[in-house]
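**Q** Input structure-v3.txt, format and content: compact mmCIF, C-alpha atoms.
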```
# COMPACT_ATOMS: atom_id res chain seq x y z
CA VAL X 110 56.92 58.61 -118.50
CA THR X 111 54.37 59.48 -121.20
CA GLY X 112 51.48 58.49 -118.92
CA ASN X 113 52.90 60.58 -116.08
CA LEU X 114 53.26 63.61 -118.35
CA SER X 115 49.74 63.15 -119.74
CA TYR X 116 48.31 62.95 -116.22
CA TYR X 117 50.25 66.06 -115.14
CA GLN X 118 49.00 67.96 -118.19
CA ALA X 119 45.40 66.89 -117.50
CA MET X 120 45.66 68.13 -113.90
CA GLU X 121 47.31 71.33 -115.12
CA ALA X 122 44.38 71.98 -117.48
CA LEU X 123 41.85 71.17 -114.74
CA ALA X 124 43.62 73.52 -112.31
CA GLN X 125 43.48 76.31 -114.90
CA THR X 126 39.75 75.70 -115.36
CA LEU X 127 39.23 75.74 -111.59
CA MET X 128 41.18 78.99 -111.24
CA SER X 129 38.91 80.54 -113.89
CA ALA X 130 35.86 79.32 -111.97
CA PHE X 131 37.34 80.71 -108.74
CA ALA X 132 37.83 84.12 -110.41
CA THR X 133 34.21 84.15 -111.57
CA ALA X 134 32.97 83.10 -108.11
CA LEU X 135 34.96 85.98 -106.59
CA GLY X 136 33.35 88.51 -108.97
CA LEU X 137 36.54 88.93 -111.00
CA PRO X 138 36.98 88.52 -114.76
CA GLU X 139 37.17 84.83 -115.72
CA GLY X 140 40.77 85.20 -116.92
CA TYR X 141 41.94 87.12 -113.84
CA PHE X 142 44.44 84.45 -112.78
CA ASN X 143 45.71 83.59 -116.29
CA ASP X 144 48.87 85.73 -116.10
CA LYS X 145 49.48 84.46 -112.56
CA ILE X 146 49.54 80.77 -113.51
CA ASP X 147 50.99 80.72 -117.05
CA LYS X 148 54.50 79.85 -115.74
CA HIS X 149 53.43 78.02 -112.59
CA PHE X 150 55.68 75.77 -110.52
CA SER X 151 53.06 73.17 -109.62
CA ILE X 152 54.04 69.71 -108.48
CA LEU X 153 52.53 66.25 -108.75
CA ALA X 154 53.18 63.87 -105.86
CA ALA X 155 52.28 60.23 -105.30
CA HIS X 156 51.58 59.24 -101.70
CA HIS X 157 51.56 55.51 -100.98
CA TYR X 158 50.03 54.28 -97.75
CA PRO X 159 50.96 50.58 -97.40
CA VAL X 160 49.08 48.06 -95.31
CA PRO X 161 50.28 48.61 -91.73
CA THR X 162 52.48 45.81 -90.43
CA VAL X 163 52.16 46.90 -86.79
CA ALA X 164 49.39 48.63 -84.87
CA PRO X 165 49.72 52.43 -84.86
CA LEU X 166 50.54 54.19 -81.63
CA PRO X 167 47.61 55.93 -79.91
CA GLY X 168 46.81 59.11 -81.83
CA GLN X 169 49.24 58.27 -84.65
CA LEU X 170 48.12 59.31 -88.14
CA ARG X 171 49.19 58.33 -91.62
CA THR X 172 49.63 62.05 -92.34
CA GLY X 173 49.21 64.72 -89.66
CA ALA X 174 46.78 67.62 -89.88
CA HIS X 175 47.98 70.35 -92.26
CA THR X 176 46.95 72.80 -94.95
CA ASP X 177 48.49 72.89 -98.41
CA PHE X 178 50.80 75.78 -99.28
CA GLY X 179 49.62 76.54 -102.84
CA SER X 180 46.40 77.93 -104.28
CA LEU X 181 44.58 74.62 -104.70
CA THR X 182 45.20 70.89 -104.62
CA ILE X 183 43.53 68.24 -106.78
CA ILE X 184 43.58 64.74 -105.31
CA ALA X 185 42.82 61.40 -106.94
CA CYS X 186 42.86 58.46 -104.55
CA THR X 187 42.04 54.81 -104.37
CA GLU X 188 39.21 53.65 -102.15
CA ALA X 189 40.47 52.03 -98.96
CA PRO X 190 39.87 52.29 -95.22
CA GLY X 191 41.96 54.87 -93.37
CA GLY X 192 41.69 57.84 -95.66
CA LEU X 193 41.38 61.57 -95.92
CA GLN X 194 39.51 63.63 -93.37
CA VAL X 195 38.82 67.38 -93.38
CA GLN X 196 38.20 69.51 -90.33
CA THR X 197 34.67 70.88 -90.07
CA ALA X 198 33.71 74.34 -88.82
CA ASP X 199 32.96 72.93 -85.34
CA GLY X 200 36.45 71.38 -85.05
CA GLY X 201 35.34 67.81 -85.78
CA TRP X 202 36.66 65.62 -88.58
CA CYS X 203 34.71 64.37 -91.59
CA ASP X 204 35.71 61.44 -93.83
CA VAL X 205 36.15 62.33 -97.51
CA GLN X 206 35.87 59.52 -100.03
CA PRO X 207 35.22 60.41 -103.65
CA GLY X 208 33.10 58.12 -105.76
CA PRO X 209 34.32 56.48 -108.97
CA GLY X 210 35.69 59.09 -111.36
CA GLU X 211 35.53 61.88 -108.77
CA LEU X 212 38.39 64.05 -107.50
CA ILE X 213 38.92 66.02 -104.31
CA VAL X 214 39.77 69.72 -104.52
CA ASN X 215 41.28 71.50 -101.51
CA ILE X 216 41.64 75.25 -101.12
CA GLY X 217 45.26 76.08 -100.23
CA ASP X 218 46.97 78.78 -98.18
CA MET X 219 47.59 81.11 -101.15
CA MET X 220 43.87 81.19 -102.01
CA ALA X 221 43.11 82.00 -98.37
CA ARG X 222 45.59 84.90 -98.58
CA TRP X 223 44.20 86.09 -101.91
CA THR X 224 40.63 86.05 -100.56
CA ASN X 225 41.54 87.54 -97.16
CA ASN X 226 40.28 84.32 -95.53
CA ARG X 227 36.92 84.58 -97.28
CA TRP X 228 37.85 81.10 -98.53
CA GLN X 229 39.62 79.11 -95.84
CA SER X 230 42.53 76.79 -96.50
CA THR X 231 41.37 73.20 -95.93
CA LEU X 232 42.84 71.62 -92.78
CA HIS X 233 43.08 67.90 -93.52
CA ARG X 234 44.77 64.70 -92.41
CA VAL X 235 44.99 61.01 -93.33
CA ILE X 236 43.90 58.59 -90.64
CA ASN X 237 44.89 54.99 -89.99
CA PRO X 238 42.39 52.28 -90.84
CA PRO X 239 40.41 50.53 -88.10
CA ALA X 240 42.34 47.45 -86.93
CA GLU X 241 39.74 45.08 -88.40
CA GLN X 242 40.16 46.68 -91.86
CA ALA X 243 43.95 47.09 -91.86
CA THR X 244 44.64 44.28 -94.34
CA ALA X 245 42.52 46.06 -96.99
CA SER X 246 43.91 49.53 -96.36
CA ARG X 247 46.65 49.96 -98.98
CA ARG X 248 45.97 53.23 -100.73
CA LEU X 249 47.51 55.52 -103.31
CA SER X 250 46.84 59.23 -103.49
CA LEU X 251 47.98 61.45 -106.36
CA GLY X 252 48.10 65.12 -105.44
CA TYR X 253 48.49 67.94 -107.93
CA PHE X 254 49.56 71.04 -106.01
CA MET X 255 48.84 74.23 -108.01
CA HIS X 256 51.54 76.79 -107.26
CA PRO X 257 51.13 80.01 -109.28
CA ASN X 258 54.04 81.66 -111.09
CA TYR X 259 57.00 82.11 -108.76
CA ASP X 260 56.75 85.90 -109.04
CA ALA X 261 52.91 86.08 -108.95
CA PRO X 262 51.72 88.64 -106.42
CA ILE X 263 49.79 87.12 -103.52
CA ALA X 264 47.86 90.03 -102.04
CA CYS X 265 44.25 90.64 -101.09
CA LEU X 266 42.07 90.50 -104.20
CA PRO X 267 39.68 93.29 -105.19
CA GLY X 268 36.40 92.89 -103.32
CA CYS X 269 37.87 90.75 -100.51
CA SER X 270 38.55 93.55 -98.02
CA SER X 271 36.77 96.56 -96.58
CA ALA X 272 37.25 99.17 -93.86
CA GLU X 273 35.75 96.66 -91.41
CA ASN X 274 37.75 93.77 -92.87
CA PRO X 275 41.22 95.04 -93.83
CA PRO X 276 43.75 92.69 -95.47
CA ALA X 277 44.92 90.10 -92.95
CA TYR X 278 48.23 89.40 -94.72
CA ALA X 279 51.08 91.48 -96.04
CA PRO X 280 51.54 91.18 -99.83
CA THR X 281 54.07 88.59 -100.96
CA THR X 282 54.81 86.48 -104.03
CA ALA X 283 54.00 82.83 -104.63
CA GLY X 284 57.67 81.86 -104.49
CA ARG X 285 58.32 83.76 -101.29
CA HIS X 286 55.16 82.32 -99.72
CA ILE X 287 56.22 78.74 -100.47
CA ARG X 288 59.76 79.40 -99.26
CA ASP X 289 58.48 80.93 -96.01
CA LYS X 290 56.13 77.98 -95.44
CA ILE X 291 58.87 75.42 -96.05
CA GLU X 292 61.32 77.25 -93.78
CA ALA X 293 58.66 77.51 -91.04
CA SER X 294 57.91 73.79 -91.30
CA TYR X 295 61.58 73.00 -90.70
CA LEU X 296 61.78 75.38 -87.75
CA ASN X 297 58.50 74.20 -86.19
CA PRO X 298 57.87 70.58 -87.24
CA SER X 299 54.58 69.24 -85.94
```
Can you turn what I pasted into structure tokens?
**A**
Amino acid sequence: VTGNLSYYQAMEALAQTLMSAFATALGLPEGYFNDKIDKHFSILAAHHYPVPTVAPLPGQLRTGAHTDFGSLTIIACTEAPGGLQVQTADGGWCDVQPGPGELIVNIGDMMARWTNNRWQSTLHRVINPPAEQATASRRLSLGYFMHPNYDAPIACLPGCSSAENPPAYAPTTAGRHIRDKIEASYLNPS
């Protein structure tokens, strides 16, 4: 348990640093998000992808294409065939494999809302390994999903809208946003 808590706390600190960097990149004060993430409800999830015992069905994926609900996601994963892909601007898919000691950071739906789609939520999926590499495809992925404070306002940030580019989303809160996303996923499973 101590190792799990230490890892969570390290990801929590990294997420706070990233949120400060995001604020600076958006032309906001470095601490802009501090009072929006000081009581966050972030989660840490372990995703295990075992070696397939049967061939996947045509078009079957290990995890279907989706975006993450929160503000950002930090992913640590083992190297193995059949991994993460992100959708490119032209609609294609690009493999993502971090090197040793590297992490993956995805922009989530809340950051897209905050930035009025200036920063897009990362559409991603996990593919199956090629048949000839299946026996070496066991992988583990640890995802830290940064969810701001439950009552944090999620509305267009200063500088992210204009008369020509009005806010694309109605204001909400982080908790309401997550609840709406979860309810929608149950009503419209993909």
**Q** Go ahead and compute the interatomic distance for CA of Leu127 in chain X and CA of Thr176 in chain X, in Å to one decimal.
**A** 18.6 Å
**Q** Just how far from CA of Ser151 in chain X is CA of Tyr116 in chain X, in Å to one decimal?
**A**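 Computed distance, CA of Tyr116 in chain X to CA of Ser151 in chain X, equals 13.1 Å.
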**Q** As a PyMOL selection string, please: the residues near Gly179 in chain X (cut-off 9 Å, all atoms listed in the file, same-chain neighbours under 4 positions excluded).
**A** chain X and resi 151+216-220+254-257+283+286-287
**Q** Please provide as number ranges by chain all residues within 10 Å of Pro276 in chain X, with the sequence filter that same-chain residues fewer than 6 positions apart are discarded (counting only C-alpha atoms).
**A** X: 222-226, 264-266, 269-270
**Q** Excluding range 249-252 of chain X and residues on its chain fewer than 6 positions from it, collect all residues at most 12 Å away from it, counting all atoms listed in the file, and give them as number ranges by chain.
**A** X: 113, 116-117, 120-121, 124, 151-160, 172, 177, 179, 181-193, 206-207, 212-215, 235
**Q** Between X:Pro161, X:Leu170, X:Lys145, X:Thr281, which has the minimum distance to Arg248 in chain X (counting all atoms listed in the file)?
**A**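 Nearest to Arg248 in chain X: X:Pro161.
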**Q** Which of these residues is nearest to Tyr141 in chain X, using all atoms listed in the file: X:Met128, X:Val163, X:Val205, X:Ile291?
**A** X:Met128
